[in-house]
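This is work.pdb. It holds PDB, C-alpha atoms.
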MODEL        1
ATOM      1  CA  MET A 273      20.947  25.524  32.363
ATOM      2  CA  ASN A 274      18.060  27.319  34.054
ATOM      3  CA  ASN A 275      14.387  26.845  33.307
ATOM      4  CA  LEU A 276      14.111  30.043  31.331
ATOM      5  CA  ASN A 277      16.083  28.474  28.509
ATOM      6  CA  VAL A 278      13.918  25.382  28.266
ATOM      7  CA  ALA A 279      10.622  25.009  26.425
ATOM      8  CA  LYS A 280       8.223  22.164  26.796
ATOM      9  CA  ILE A 281       6.660  20.857  23.602
ATOM     10  CA  GLN A 282       4.465  17.873  22.737
ATOM     11  CA  LEU A 283       6.478  15.421  20.669
ATOM     12  CA  ASN A 284       4.567  12.502  19.177
ATOM     13  CA  GLY A 285       1.978  12.832  21.897
ATOM     14  CA  ASP A 286       4.389  13.026  24.848
ATOM     15  CA  PRO A 287       5.875  16.011  26.688
ATOM     16  CA  TYR A 288       9.417  16.790  25.584
ATOM     17  CA  GLU A 289      11.903  19.465  26.630
ATOM     18  CA  ILE A 290      13.965  21.429  24.150
ATOM     19  CA  ASN A 291      16.300  24.373  24.466
ATOM     20  CA  ASP A 292      14.673  27.649  23.608
ATOM     21  CA  GLY A 293      15.276  28.576  19.996
ATOM     22  CA  THR A 294      15.648  24.995  18.724
ATOM     23  CA  ASN A 295      14.773  24.602  15.065
ATOM     24  CA  LEU A 296      13.511  21.402  13.410
ATOM     25  CA  ASN A 297      16.909  20.463  12.009
ATOM     26  CA  GLU A 298      18.435  20.700  15.462
ATOM     27  CA  LEU A 299      15.622  18.636  16.953
ATOM     28  CA  LEU A 300      16.198  15.894  14.361
ATOM     29  CA  ASN A 301      19.927  15.908  15.023
ATOM     30  CA  LYS A 302      19.319  15.547  18.735
ATOM     31  CA  LEU A 303      16.975  12.624  18.082
ATOM     32  CA  LYS A 304      19.460  11.110  15.595
ATOM     33  CA  ILE A 305      16.821  11.041  12.875
ATOM     34  CA  GLN A 306      17.705  11.507   9.204
ATOM     35  CA  LYS A 307      15.376  14.034   7.679
ATOM     36  CA  ASN A 308      14.995  12.241   4.362
ATOM     37  CA  LYS A 309      13.376   9.324   6.182
ATOM     38  CA  VAL A 310      10.627  11.190   8.007
ATOM     39  CA  ALA A 311       7.891  13.781   7.629
ATOM     40  CA  ILE A 312       7.058  16.397  10.243
ATOM     41  CA  GLU A 313       3.899  18.162  11.231
ATOM     42  CA  VAL A 314       3.941  21.149  13.599
ATOM     43  CA  ASN A 315       0.588  22.149  15.092
ATOM     44  CA  GLY A 316      -1.238  20.192  12.419
ATOM     45  CA  GLU A 317       0.636  21.728   9.482
ATOM     46  CA  ILE A 318       3.077  19.715   7.396
ATOM     47  CA  VAL A 319       6.502  21.364   7.242
ATOM     48  CA  GLU A 320       8.476  21.102   4.018
ATOM     49  CA  LYS A 321      12.013  19.844   4.475
ATOM     50  CA  ASN A 322      13.670  23.022   3.219
ATOM     51  CA  LYS A 323      11.894  24.962   5.958
ATOM     52  CA  TYR A 324      13.295  22.889   8.842
ATOM     53  CA  PRO A 325      16.191  25.283   9.619
ATOM     54  CA  ASN A 326      13.865  28.271   9.774
ATOM     55  CA  LEU A 327      11.168  26.725  11.893
ATOM     56  CA  ILE A 328      11.977  27.627  15.472
ATOM     57  CA  LEU A 329       9.945  25.645  17.950
ATOM     58  CA  SER A 330       8.155  27.369  20.779
ATOM     59  CA  LYS A 331       6.469  26.358  24.019
ATOM     60  CA  ASP A 332       3.445  24.048  23.657
ATOM     61  CA  ASP A 333       4.077  23.346  19.967
ATOM     62  CA  LYS A 334       2.661  19.987  18.927
ATOM     63  CA  VAL A 335       5.239  18.157  16.843
ATOM     64  CA  GLU A 336       4.571  14.880  15.025
ATOM     65  CA  ILE A 337       7.429  13.003  13.382
ATOM     66  CA  VAL A 338       6.369  10.043  11.245
ATOM     67  CA  LYS A 339       8.150   7.340   9.281
ATOM     68  CA  PHE A 340       7.238   4.413   7.072
ATOM     69  CA  ILE A 341       6.784   1.043   8.722
ATOM     70  CA  GLY A 342       5.693  -2.334   7.412
ATOM     71  CA  GLY A 343       2.029  -2.437   6.455
ATOM     72  CA  GLY A 344      -0.450  -4.072   4.137
TER      73      GLY A 344
ATOM     74  CA  MET B 292       9.055 -11.441 -32.881
ATOM     75  CA  GLU B 293       5.276 -11.819 -32.976
ATOM     76  CA  GLU B 294       5.519 -14.261 -30.140
ATOM     77  CA  ASP B 295       7.662 -11.837 -28.142
ATOM     78  CA  LYS B 296       4.939  -9.262 -28.511
ATOM     79  CA  LEU B 297       2.360 -11.703 -27.297
ATOM     80  CA  LEU B 298       4.480 -12.518 -24.292
ATOM     81  CA  GLU B 299       5.092  -8.887 -23.484
ATOM     82  CA  ASP B 300       2.611  -8.087 -20.778
ATOM     83  CA  ILE B 301       3.402  -4.831 -19.075
ATOM     84  CA  PHE B 302       1.346  -3.762 -16.096
ATOM     85  CA  THR B 303       0.557  -0.048 -16.201
ATOM     86  CA  ILE B 304      -0.834   1.998 -13.328
ATOM     87  CA  ALA B 305      -1.154   5.782 -13.666
ATOM     88  CA  ASN B 306       1.159   5.748 -16.717
ATOM     89  CA  LYS B 307       3.892   3.901 -14.837
ATOM     90  CA  ASN B 308       4.973   0.474 -16.048
ATOM     91  CA  PHE B 309       5.661  -2.501 -13.831
ATOM     92  CA  ASN B 310       6.823  -6.026 -14.609
ATOM     93  CA  SER B 311       5.140  -7.830 -11.747
ATOM     94  CA  ARG B 312       1.397  -7.926 -11.243
ATOM     95  CA  LEU B 313       1.870  -8.853  -7.618
ATOM     96  CA  ILE B 314       1.879  -6.106  -5.014
ATOM     97  CA  VAL B 315       2.921  -7.174  -1.534
ATOM     98  CA  GLY B 316       2.429  -5.716   1.903
ATOM     99  CA  THR B 317       5.299  -5.392   4.356
ATOM    100  CA  GLY B 318       3.426  -5.903   7.628
ATOM    101  CA  LYS B 319       3.328  -8.805  10.103
ATOM    102  CA  TYR B 320       6.852 -10.115   9.362
ATOM    103  CA  LYS B 321       9.103 -11.329  12.153
ATOM    104  CA  SER B 322      11.985  -9.098  11.118
ATOM    105  CA  PHE B 323      13.089  -6.628   8.460
ATOM    106  CA  GLU B 324      15.424  -9.310   7.099
ATOM    107  CA  GLU B 325      12.478 -11.640   6.557
ATOM    108  CA  THR B 326      10.457  -8.814   4.984
ATOM    109  CA  ALA B 327      13.251  -8.077   2.532
ATOM    110  CA  SER B 328      13.775 -11.763   1.623
ATOM    111  CA  ALA B 329      10.056 -12.352   1.079
ATOM    112  CA  VAL B 330       9.647  -9.227  -1.040
ATOM    113  CA  LYS B 331      12.609 -10.265  -3.152
ATOM    114  CA  ALA B 332      11.266 -13.799  -3.622
ATOM    115  CA  SER B 333       7.824 -12.434  -4.586
ATOM    116  CA  GLY B 334       9.326 -10.468  -7.467
ATOM    117  CA  ALA B 335       7.009  -7.558  -6.602
ATOM    118  CA  ASP B 336       7.841  -4.097  -7.952
ATOM    119  CA  ILE B 337       5.486  -2.363  -5.541
ATOM    120  CA  VAL B 338       5.235  -2.720  -1.753
ATOM    121  CA  THR B 339       2.667  -1.175   0.540
ATOM    122  CA  VAL B 340       3.901   0.644   3.625
ATOM    123  CA  ALA B 341       2.188   2.314   6.580
ATOM    124  CA  VAL B 342       2.843   5.712   8.139
ATOM    125  CA  ARG B 343       3.388   5.783  11.900
ATOM    126  CA  ARG B 344       4.993   7.898  14.607
ATOM    127  CA  VAL B 345       8.748   7.592  15.101
ATOM    128  CA  ASN B 346       9.539   6.073  18.486
ATOM    129  CA  ILE B 347      11.518   8.886  20.105
ATOM    130  CA  LEU B 348      12.919   6.697  22.873
ATOM    131  CA  GLU B 349      14.474   4.175  20.511
ATOM    132  CA  LYS B 350      17.188   6.133  18.786
ATOM    133  CA  ASP B 351      19.170   4.644  15.931
ATOM    134  CA  ARG B 352      16.776   1.736  15.399
ATOM    135  CA  PRO B 353      16.821   0.407  11.853
ATOM    136  CA  LEU B 354      14.025   1.524   9.562
ATOM    137  CA  LEU B 355      12.132  -0.335   6.860
ATOM    138  CA  MET B 356      13.885   1.930   4.358
ATOM    139  CA  ASP B 357      17.227   0.475   5.432
ATOM    140  CA  TYR B 358      16.056  -2.935   4.217
ATOM    141  CA  LEU B 359      13.836  -2.048   1.272
ATOM    142  CA  ASP B 360      15.378   0.724  -0.761
ATOM    143  CA  PRO B 361      12.645   3.074  -2.012
ATOM    144  CA  LYS B 362      14.902   3.859  -4.974
ATOM    145  CA  SER B 363      14.775   0.303  -6.254
ATOM    146  CA  ILE B 364      11.222  -0.661  -5.299
ATOM    147  CA  THR B 365       8.073   1.456  -5.481
ATOM    148  CA  TYR B 366       6.684   2.362  -2.074
ATOM    149  CA  LEU B 367       2.915   2.558  -1.972
ATOM    150  CA  PRO B 368       1.995   4.405   1.238
ATOM    151  CA  ASN B 369      -1.312   3.265   2.720
ATOM    152  CA  THR B 370      -3.829   4.681   5.147
ATOM    153  CA  ALA B 371      -4.350   1.501   7.136
ATOM    154  CA  GLY B 372      -5.998   2.209  10.448
ATOM    155  CA  CYS B 373      -7.753   5.374   9.243
ATOM    156  CA  TYR B 374     -11.494   5.532   9.915
ATOM    157  CA  SER B 375     -12.224   8.994   8.516
ATOM    158  CA  SER B 376     -11.442  10.976   5.431
ATOM    159  CA  GLU B 377      -9.530  13.540   7.518
ATOM    160  CA  GLU B 378      -7.207  10.911   9.001
ATOM    161  CA  ALA B 379      -6.576   9.348   5.613
ATOM    162  CA  LEU B 380      -5.817  12.660   3.925
ATOM    163  CA  ARG B 381      -3.470  13.701   6.729
ATOM    164  CA  THR B 382      -1.607  10.395   6.490
ATOM    165  CA  LEU B 383      -1.115  10.545   2.739
ATOM    166  CA  ARG B 384      -0.068  14.188   2.741
ATOM    167  CA  LEU B 385       2.608  13.262   5.297
ATOM    168  CA  ALA B 386       3.638  10.293   3.157
ATOM    169  CA  ARG B 387       4.034  12.552   0.149
ATOM    170  CA  GLU B 388       6.172  14.975   2.138
ATOM    171  CA  MET B 389       8.383  12.113   3.263
ATOM    172  CA  GLY B 390       9.734  11.532  -0.187
ATOM    173  CA  GLY B 391       7.516  12.772  -2.934
ATOM    174  CA  TRP B 392       5.285   9.723  -3.168
ATOM    175  CA  ARG B 393       2.357  10.534  -5.382
ATOM    176  CA  MET B 394       0.968   7.063  -5.952
ATOM    177  CA  VAL B 395      -0.858   5.966  -2.808
ATOM    178  CA  LYS B 396      -3.189   3.303  -1.499
ATOM    179  CA  LEU B 397      -6.297   4.752   0.076
ATOM    180  CA  GLU B 398      -8.243   2.712   2.566
ATOM    181  CA  VAL B 399     -10.813   4.263   4.849
ATOM    182  CA  LEU B 400     -12.169   1.660   7.206
ATOM    183  CA  GLY B 401     -15.684   1.450   8.517
ATOM    184  CA  ASP B 402     -15.610  -1.327  11.079
ATOM    185  CA  LYS B 403     -12.911  -2.748  13.344
ATOM    186  CA  LYS B 404     -14.166  -6.332  13.260
ATOM    187  CA  THR B 405     -14.440  -6.775   9.501
ATOM    188  CA  LEU B 406     -12.097  -3.953   8.400
ATOM    189  CA  TYR B 407     -14.651  -3.315   5.691
ATOM    190  CA  PRO B 408     -14.155  -0.030   3.883
ATOM    191  CA  ASN B 409     -16.429   2.930   4.544
ATOM    192  CA  MET B 410     -17.248   3.696   0.935
ATOM    193  CA  ILE B 411     -18.835   7.097   1.578
ATOM    194  CA  GLU B 412     -15.649   8.377   3.218
ATOM    195  CA  THR B 413     -13.526   6.527   0.660
ATOM    196  CA  ILE B 414     -15.177   8.202  -2.329
ATOM    197  CA  LYS B 415     -14.994  11.606  -0.631
ATOM    198  CA  SER B 416     -11.270  11.138   0.099
ATOM    199  CA  THR B 417     -10.486   9.898  -3.408
ATOM    200  CA  GLU B 418     -12.004  13.027  -4.877
ATOM    201  CA  VAL B 419      -9.903  15.319  -2.669
ATOM    202  CA  LEU B 420      -6.672  13.382  -3.223
ATOM    203  CA  VAL B 421      -7.105  13.338  -7.000
ATOM    204  CA  LYS B 422      -7.585  17.106  -6.949
ATOM    205  CA  GLU B 423      -4.356  17.411  -4.930
ATOM    206  CA  GLY B 424      -2.466  15.523  -7.622
ATOM    207  CA  PHE B 425      -2.248  12.079  -6.046
ATOM    208  CA  ASP B 426      -2.541   8.868  -8.061
ATOM    209  CA  VAL B 427      -5.013   7.032  -5.888
ATOM    210  CA  MET B 428      -5.313   3.256  -5.783
ATOM    211  CA  VAL B 429      -8.398   2.517  -3.766
ATOM    212  CA  TYR B 430      -9.237  -0.378  -1.453
ATOM    213  CA  CYS B 431     -12.983  -0.838  -1.776
ATOM    214  CA  THR B 432     -15.973  -3.145  -1.523
ATOM    215  CA  ASP B 433     -16.691  -5.499  -4.414
ATOM    216  CA  ASP B 434     -19.757  -3.463  -5.357
ATOM    217  CA  PRO B 435     -19.761  -2.487  -9.046
ATOM    218  CA  ILE B 436     -21.747   0.694  -8.366
ATOM    219  CA  MET B 437     -19.213   1.884  -5.807
ATOM    220  CA  THR B 438     -16.219   1.042  -7.969
ATOM    221  CA  LYS B 439     -17.799   2.932 -10.877
ATOM    222  CA  LYS B 440     -18.161   5.971  -8.622
ATOM    223  CA  LEU B 441     -14.494   5.670  -7.658
ATOM    224  CA  GLU B 442     -13.493   5.599 -11.282
ATOM    225  CA  ASP B 443     -15.701   8.617 -11.984
ATOM    226  CA  VAL B 444     -13.908  10.663  -9.314
ATOM    227  CA  GLY B 445     -10.504   9.715 -10.724
ATOM    228  CA  ALA B 446      -9.146   6.627  -8.954
ATOM    229  CA  CYS B 447      -6.160   5.265 -10.900
ATOM    230  CA  ALA B 448      -6.792   1.669  -9.760
ATOM    231  CA  ILE B 449      -9.775  -0.084  -8.263
ATOM    232  CA  MET B 450      -8.877  -2.527  -5.497
ATOM    233  CA  PRO B 451     -11.894  -4.534  -4.365
ATOM    234  CA  LEU B 452     -11.510  -6.922  -1.460
ATOM    235  CA  GLY B 453     -11.697 -10.621  -2.244
ATOM    236  CA  ALA B 454     -12.555 -11.274   1.412
ATOM    237  CA  PRO B 455     -11.865  -9.423   4.686
ATOM    238  CA  ILE B 456      -8.284  -8.233   5.256
ATOM    239  CA  GLY B 457      -6.132 -10.962   6.786
ATOM    240  CA  SER B 458      -8.883 -13.600   6.538
ATOM    241  CA  GLY B 459      -7.123 -15.776   3.952
ATOM    242  CA  ILE B 460     -10.386 -17.324   2.747
ATOM    243  CA  GLY B 461     -10.009 -16.447  -0.930
ATOM    244  CA  ILE B 462     -12.272 -14.596  -3.333
ATOM    245  CA  GLN B 463     -15.831 -14.851  -2.027
ATOM    246  CA  ASN B 464     -17.709 -13.189  -4.858
ATOM    247  CA  LYS B 465     -16.195 -14.032  -8.216
ATOM    248  CA  THR B 466     -19.266 -12.724 -10.025
ATOM    249  CA  ASN B 467     -18.808  -9.230  -8.628
ATOM    250  CA  ILE B 468     -15.073  -9.184  -9.279
ATOM    251  CA  THR B 469     -15.774 -10.189 -12.893
ATOM    252  CA  LEU B 470     -18.441  -7.489 -13.260
ATOM    253  CA  ILE B 471     -16.090  -4.872 -11.841
ATOM    254  CA  LYS B 472     -13.282  -5.894 -14.174
ATOM    255  CA  GLU B 473     -15.599  -5.844 -17.197
ATOM    256  CA  GLN B 474     -16.814  -2.311 -16.591
ATOM    257  CA  SER B 475     -13.572  -0.680 -15.424
ATOM    258  CA  SER B 476     -11.178   1.196 -17.640
ATOM    259  CA  VAL B 477      -8.513   1.455 -14.927
ATOM    260  CA  PRO B 478      -6.626  -1.550 -13.487
ATOM    261  CA  VAL B 479      -8.571  -3.799 -11.126
ATOM    262  CA  ILE B 480      -6.466  -5.323  -8.370
ATOM    263  CA  VAL B 481      -7.861  -7.797  -5.859
ATOM    264  CA  ASP B 482      -6.784  -6.483  -2.484
ATOM    265  CA  ALA B 483      -7.243  -8.633   0.612
ATOM    266  CA  GLY B 484      -8.567 -12.111   1.258
ATOM    267  CA  VAL B 485      -5.961 -14.181  -0.577
ATOM    268  CA  GLY B 486      -4.824 -17.091   1.579
ATOM    269  CA  THR B 487      -2.745 -19.253  -0.705
ATOM    270  CA  ALA B 488      -1.388 -19.451  -4.243
ATOM    271  CA  SER B 489      -4.570 -20.779  -5.883
ATOM    272  CA  ASP B 490      -6.566 -17.787  -4.571
ATOM    273  CA  ALA B 491      -4.172 -15.433  -6.346
ATOM    274  CA  THR B 492      -4.382 -17.504  -9.521
ATOM    275  CA  ILE B 493      -8.191 -17.346  -9.440
ATOM    276  CA  ALA B 494      -8.086 -13.546  -9.240
ATOM    277  CA  MET B 495      -5.853 -13.426 -12.309
ATOM    278  CA  GLU B 496      -7.941 -15.991 -14.190
ATOM    279  CA  LEU B 497     -10.971 -13.774 -13.647
ATOM    280  CA  GLY B 498      -9.088 -11.163 -15.654
ATOM    281  CA  CYS B 499      -7.920  -8.942 -12.827
ATOM    282  CA  ASP B 500      -4.849  -6.843 -13.555
ATOM    283  CA  GLY B 501      -3.088  -7.668 -10.330
ATOM    284  CA  VAL B 502      -3.286  -8.882  -6.750
ATOM    285  CA  LEU B 503      -2.282  -7.175  -3.521
ATOM    286  CA  LEU B 504      -1.604  -9.413  -0.556
ATOM    287  CA  ASN B 505       0.295  -9.426   2.708
ATOM    288  CA  THR B 506      -0.841 -11.899   5.363
ATOM    289  CA  ALA B 507      -0.831 -14.916   3.029
ATOM    290  CA  ILE B 508       2.942 -14.547   2.748
ATOM    291  CA  ALA B 509       3.796 -13.120   6.175
ATOM    292  CA  GLU B 510       1.837 -15.740   8.094
ATOM    293  CA  ALA B 511       2.908 -18.731   6.008
ATOM    294  CA  THR B 512       5.136 -21.164   7.887
ATOM    295  CA  ASN B 513       7.831 -20.364   5.335
ATOM    296  CA  PRO B 514       7.120 -16.834   4.096
ATOM    297  CA  VAL B 515       9.925 -16.745   1.531
ATOM    298  CA  LEU B 516       8.738 -19.971  -0.106
ATOM    299  CA  MET B 517       5.143 -18.724  -0.125
ATOM    300  CA  ALA B 518       6.305 -15.448  -1.691
ATOM    301  CA  GLU B 519       7.863 -17.423  -4.501
ATOM    302  CA  ALA B 520       4.679 -19.497  -4.844
ATOM    303  CA  MET B 521       2.633 -16.301  -5.145
ATOM    304  CA  LYS B 522       4.919 -15.000  -7.866
ATOM    305  CA  HIS B 523       4.285 -18.125  -9.923
ATOM    306  CA  ALA B 524       0.576 -18.160  -9.062
ATOM    307  CA  ILE B 525       0.131 -14.661 -10.475
ATOM    308  CA  ILE B 526       2.031 -15.533 -13.641
ATOM    309  CA  ALA B 527       0.069 -18.788 -14.061
ATOM    310  CA  GLY B 528      -3.286 -17.074 -13.613
ATOM    311  CA  ARG B 529      -2.404 -14.236 -15.943
ATOM    312  CA  LYS B 530      -1.189 -16.582 -18.674
ATOM    313  CA  ALA B 531      -4.257 -18.799 -18.302
ATOM    314  CA  PHE B 532      -6.480 -15.740 -18.648
ATOM    315  CA  LYS B 533      -4.628 -14.530 -21.732
ATOM    316  CA  ALA B 534      -4.589 -18.012 -23.212
ATOM    317  CA  GLY B 535      -8.382 -18.218 -22.983
ATOM    318  CA  ARG B 536      -9.639 -21.251 -21.144
ATOM    319  CA  MET B 537     -11.551 -24.107 -22.834
ATOM    320  CA  LYS B 538     -15.313 -24.209 -22.688
ATOM    321  CA  LYS B 539     -16.820 -26.233 -19.869
ATOM    322  CA  ARG B 540     -18.892 -29.303 -20.869
ATOM    323  CA  GLN B 541     -21.345 -31.297 -18.843
ATOM    324  CA  TYR B 542     -20.090 -34.670 -20.141
ATOM    325  CA  ALA B 543     -16.770 -36.230 -21.074
ATOM    326  CA  SER B 544     -14.995 -35.605 -24.350
ATOM    327  CA  ALA B 545     -12.338 -38.233 -25.094
ATOM    328  CA  SER B 546      -8.841 -36.898 -25.620
ATOM    329  CA  SER B 547      -7.703 -39.863 -27.743
ATOM    330  CA  PRO B 548      -9.222 -40.322 -31.246
ATOM    331  CA  GLN B 549     -12.088 -42.792 -31.423
ATOM    332  CA  LYS B 550     -11.245 -43.834 -35.008
ATOM    333  CA  ASN B 551      -9.135 -46.911 -35.891
ATOM    334  CA  LEU B 552      -9.466 -48.499 -32.497
ATOM    335  CA  ILE B 553      -7.985 -51.997 -32.514
TER     336      ILE B 553
ENDMDL
END
What would the structure in this file look like if it were written as structure tokens?
Amino acid sequence: MNNLNVAKIQLNGDPYEINDGTNLNELLNKLKIQKNKVAIEVNGEIVEKNKYPNLILSKDDKVEIVKFIGGG
Amino acid sequence: MEEDKLLEDIFTIANKNFNSRLIVGTGKYKSFEETASAVKASGADIVTVAVRRVNILEKDRPLLMDYLDPKSITYLPNTAGCYSSEEALRTLRLAREMGGWRMVKLEVLGDKKTLYPNMIETIKSTEVLVKEGFDVMVYCTDDPIMTKKLEDVGACAIMPLGAPIGSGIGIQNKTNITLIKEQSSVPVIVDAGVGTASDATIAMELGCDGVLLNTAIAEATNPVLMAEAMKHAIIAGRKAFKAGRMKKRQYASASSPQKNLI
């Protein structure tokens, strides 16, 4: 794969490489994350779950994936 | 039947009914297994949870949800660690997206050392969240003026601290907690400061509707046993409150009749 097909995004604060044209569903699959257990923000906007397949990520997008953890 | 009615004591928050008046946190446990066992032993119907980033590098790691099923226990997402209204709102909007959680615990902190709430930001955030359709249970100071303001902007439960979060020193200002309970028309839940079973009982004896605690169980030498103790402490305090305690006297009053002494 050459560099033209790769896009660098910010994922949970760190640089991360994805294939060009990757949508949120594909990103979750790659990360082995079940979508009903997380919430996602792209560039500060919360993305509803039914929009994951249509949201194609592009270069420099800031993606935050959060989950529930133990807390008081 | 009459007696059954008397014993029936449903706990209602934002039109939802719960059996247990104990709400437990899920932080500070050694493992998810221990968390699940302690929650079960506590009998709690509601657990608080925090929202954090997924660790991308650790694929396939178990999640809290794998141990505490959100379908069988009510998750109460919190905003622990948020120091501004913006951070708190962002966190709770994400929590809602995660699974439709509408009932949330708002805490906007003001100081790292005491973890005291910033009430200006807290009131501001409550107002916004209520407008967005959230049922907001609010961690707050034990100041009756502040809690009244929270109620005015639509908080569905007032949750004054008994003492600083994680301190375990028990309710420091019983007078204020009593004043807050007296004036509030929404549930009052003591949140933070409970260290052992008697602290939880005191909160309930003061007439509070519930208690929220975490560290007292998680940091006990035997968390599961302490969870069970807390369950009984809440029930004992609630029943004592409903029973109506005797009046205090300065001097003794003999329990055995004085008449017909031999």
Next item on the list: Provide the atom CA of Lys321 of chain B to atom CA of Met521 of chain B distance in Å, to one decimal place.
Entry: 19.1 Å
Notebook entry, point to check: For chain B, which of A:Asp332, A:Glu298, A:Glu313, A:Asp292 is the closest residue, counting all atoms listed in the file?
Noted result: A:Glu313
Check: So which residues touch Lys321 of chain A within 12 Å, counting all atoms listed in the file, skipping near sequence neighbours fewer than 6 positions away, as a ChimeraX atom specification?
Finding: /A:295-297,300,306-313,327 /B:385,387-391
Checklist line | Residues of chain B within 10 Å of chain A, all atoms listed in the file counted, as a ChimeraX atom specification | finding: /B:314-320,322-323,326,338-352,354-357,366-371,381-382,384-390,396,456-457,482-483,503-506
How about saving the chosen residues, C-alpha atoms kept, as a PDB file, in the coordinates of the input?
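And here's out-v5.pdb as it stands now:
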ATOM      1  CA  ILE B 314       1.879  -6.106  -5.014  1.00  0.00           C
ATOM      2  CA  VAL B 315       2.921  -7.174  -1.534  1.00  0.00           C
ATOM      3  CA  GLY B 316       2.429  -5.716   1.903  1.00  0.00           C
ATOM      4  CA  THR B 317       5.299  -5.392   4.356  1.00  0.00           C
ATOM      5  CA  GLY B 318       3.426  -5.903   7.628  1.00  0.00           C
ATOM      6  CA  LYS B 319       3.328  -8.805  10.103  1.00  0.00           C
ATOM      7  CA  TYR B 320       6.852 -10.115   9.362  1.00  0.00           C
ATOM      8  CA  SER B 322      11.985  -9.098  11.118  1.00  0.00           C
ATOM      9  CA  PHE B 323      13.089  -6.628   8.460  1.00  0.00           C
ATOM     10  CA  THR B 326      10.457  -8.814   4.984  1.00  0.00           C
ATOM     11  CA  VAL B 338       5.235  -2.720  -1.753  1.00  0.00           C
ATOM     12  CA  THR B 339       2.667  -1.175   0.540  1.00  0.00           C
ATOM     13  CA  VAL B 340       3.901   0.644   3.625  1.00  0.00           C
ATOM     14  CA  ALA B 341       2.188   2.314   6.580  1.00  0.00           C
ATOM     15  CA  VAL B 342       2.843   5.712   8.139  1.00  0.00           C
ATOM     16  CA  ARG B 343       3.388   5.783  11.900  1.00  0.00           C
ATOM     17  CA  ARG B 344       4.993   7.898  14.607  1.00  0.00           C
ATOM     18  CA  VAL B 345       8.748   7.592  15.101  1.00  0.00           C
ATOM     19  CA  ASN B 346       9.539   6.073  18.486  1.00  0.00           C
ATOM     20  CA  ILE B 347      11.518   8.886  20.105  1.00  0.00           C
ATOM     21  CA  LEU B 348      12.919   6.697  22.873  1.00  0.00           C
ATOM     22  CA  GLU B 349      14.474   4.175  20.511  1.00  0.00           C
ATOM     23  CA  LYS B 350      17.188   6.133  18.786  1.00  0.00           C
ATOM     24  CA  ASP B 351      19.170   4.644  15.931  1.00  0.00           C
ATOM     25  CA  ARG B 352      16.776   1.736  15.399  1.00  0.00           C
ATOM     26  CA  LEU B 354      14.025   1.524   9.562  1.00  0.00           C
ATOM     27  CA  LEU B 355      12.132  -0.335   6.860  1.00  0.00           C
ATOM     28  CA  MET B 356      13.885   1.930   4.358  1.00  0.00           C
ATOM     29  CA  ASP B 357      17.227   0.475   5.432  1.00  0.00           C
ATOM     30  CA  TYR B 366       6.684   2.362  -2.074  1.00  0.00           C
ATOM     31  CA  LEU B 367       2.915   2.558  -1.972  1.00  0.00           C
ATOM     32  CA  PRO B 368       1.995   4.405   1.238  1.00  0.00           C
ATOM     33  CA  ASN B 369      -1.312   3.265   2.720  1.00  0.00           C
ATOM     34  CA  THR B 370      -3.829   4.681   5.147  1.00  0.00           C
ATOM     35  CA  ALA B 371      -4.350   1.501   7.136  1.00  0.00           C
ATOM     36  CA  ARG B 381      -3.470  13.701   6.729  1.00  0.00           C
ATOM     37  CA  THR B 382      -1.607  10.395   6.490  1.00  0.00           C
ATOM     38  CA  ARG B 384      -0.068  14.188   2.741  1.00  0.00           C
ATOM     39  CA  LEU B 385       2.608  13.262   5.297  1.00  0.00           C
ATOM     40  CA  ALA B 386       3.638  10.293   3.157  1.00  0.00           C
ATOM     41  CA  ARG B 387       4.034  12.552   0.149  1.00  0.00           C
ATOM     42  CA  GLU B 388       6.172  14.975   2.138  1.00  0.00           C
ATOM     43  CA  MET B 389       8.383  12.113   3.263  1.00  0.00           C
ATOM     44  CA  GLY B 390       9.734  11.532  -0.187  1.00  0.00           C
ATOM     45  CA  LYS B 396      -3.189   3.303  -1.499  1.00  0.00           C
ATOM     46  CA  ILE B 456      -8.284  -8.233   5.256  1.00  0.00           C
ATOM     47  CA  GLY B 457      -6.132 -10.962   6.786  1.00  0.00           C
ATOM     48  CA  ASP B 482      -6.784  -6.483  -2.484  1.00  0.00           C
ATOM     49  CA  ALA B 483      -7.243  -8.633   0.612  1.00  0.00           C
ATOM     50  CA  LEU B 503      -2.282  -7.175  -3.521  1.00  0.00           C
ATOM     51  CA  LEU B 504      -1.604  -9.413  -0.556  1.00  0.00           C
ATOM     52  CA  ASN B 505       0.295  -9.426   2.708  1.00  0.00           C
ATOM     53  CA  THR B 506      -0.841 -11.899   5.363  1.00  0.00           C
TER      54      THR B 506
END
Notebook entry, point to check: Can you list, as a VMD selection string, every protein, DNA or RNA residue that comes within 8 Å of Phe532 of chain B when you count all atoms listed in the file, leaving out same-chain residues fewer than 4 positions away?
Noted result: chain B and resid 495 to 498 528 536
Segment 374-377 of chain B: axis-aligned bounding box, 4 Å on each side, centre and edge lengths in Å, one decimal, as lines of an AutoDock Vina configuration file:
center_x = -10.9
center_y = 9.5
center_z = 7.7
size_x = 10.7
size_y = 16.0
size_z = 12.5
Next item on the list: Give as number ranges by chain the set of residues within 10 Å of the point (-7.3, -15.6, -8.6), where distances use the file's coordinates and all atoms listed in the file.
Entry: B: 453, 461-462, 465, 481, 485, 487-499, 501-502, 524-525, 527-529
Checklist line | Hits from the PyMOL selection byres ((chain B and resi 335) around 8), listed as number ranges by chain | finding: B: 311-315, 330-331, 333-334, 336-338, 522
Note to self: Rounded to one decimal, what separation in Å do you get between atom CA of Leu470 of chain B and atom CA of Pro435 of chain B?
What the structure shows: 6.7 Å
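The closest residue to Asn326 of chain A, picked from A:Asn301, A:Val278, A:Glu289, A:Thr294 and counting all atoms listed in the file, is A:Thr294.
If all atoms listed in the file are the atoms counted, then among B:Ala511, B:Leu516, B:Ile471, B:Gly445 the closest residue to Phe425 of chain B is B:Gly445.
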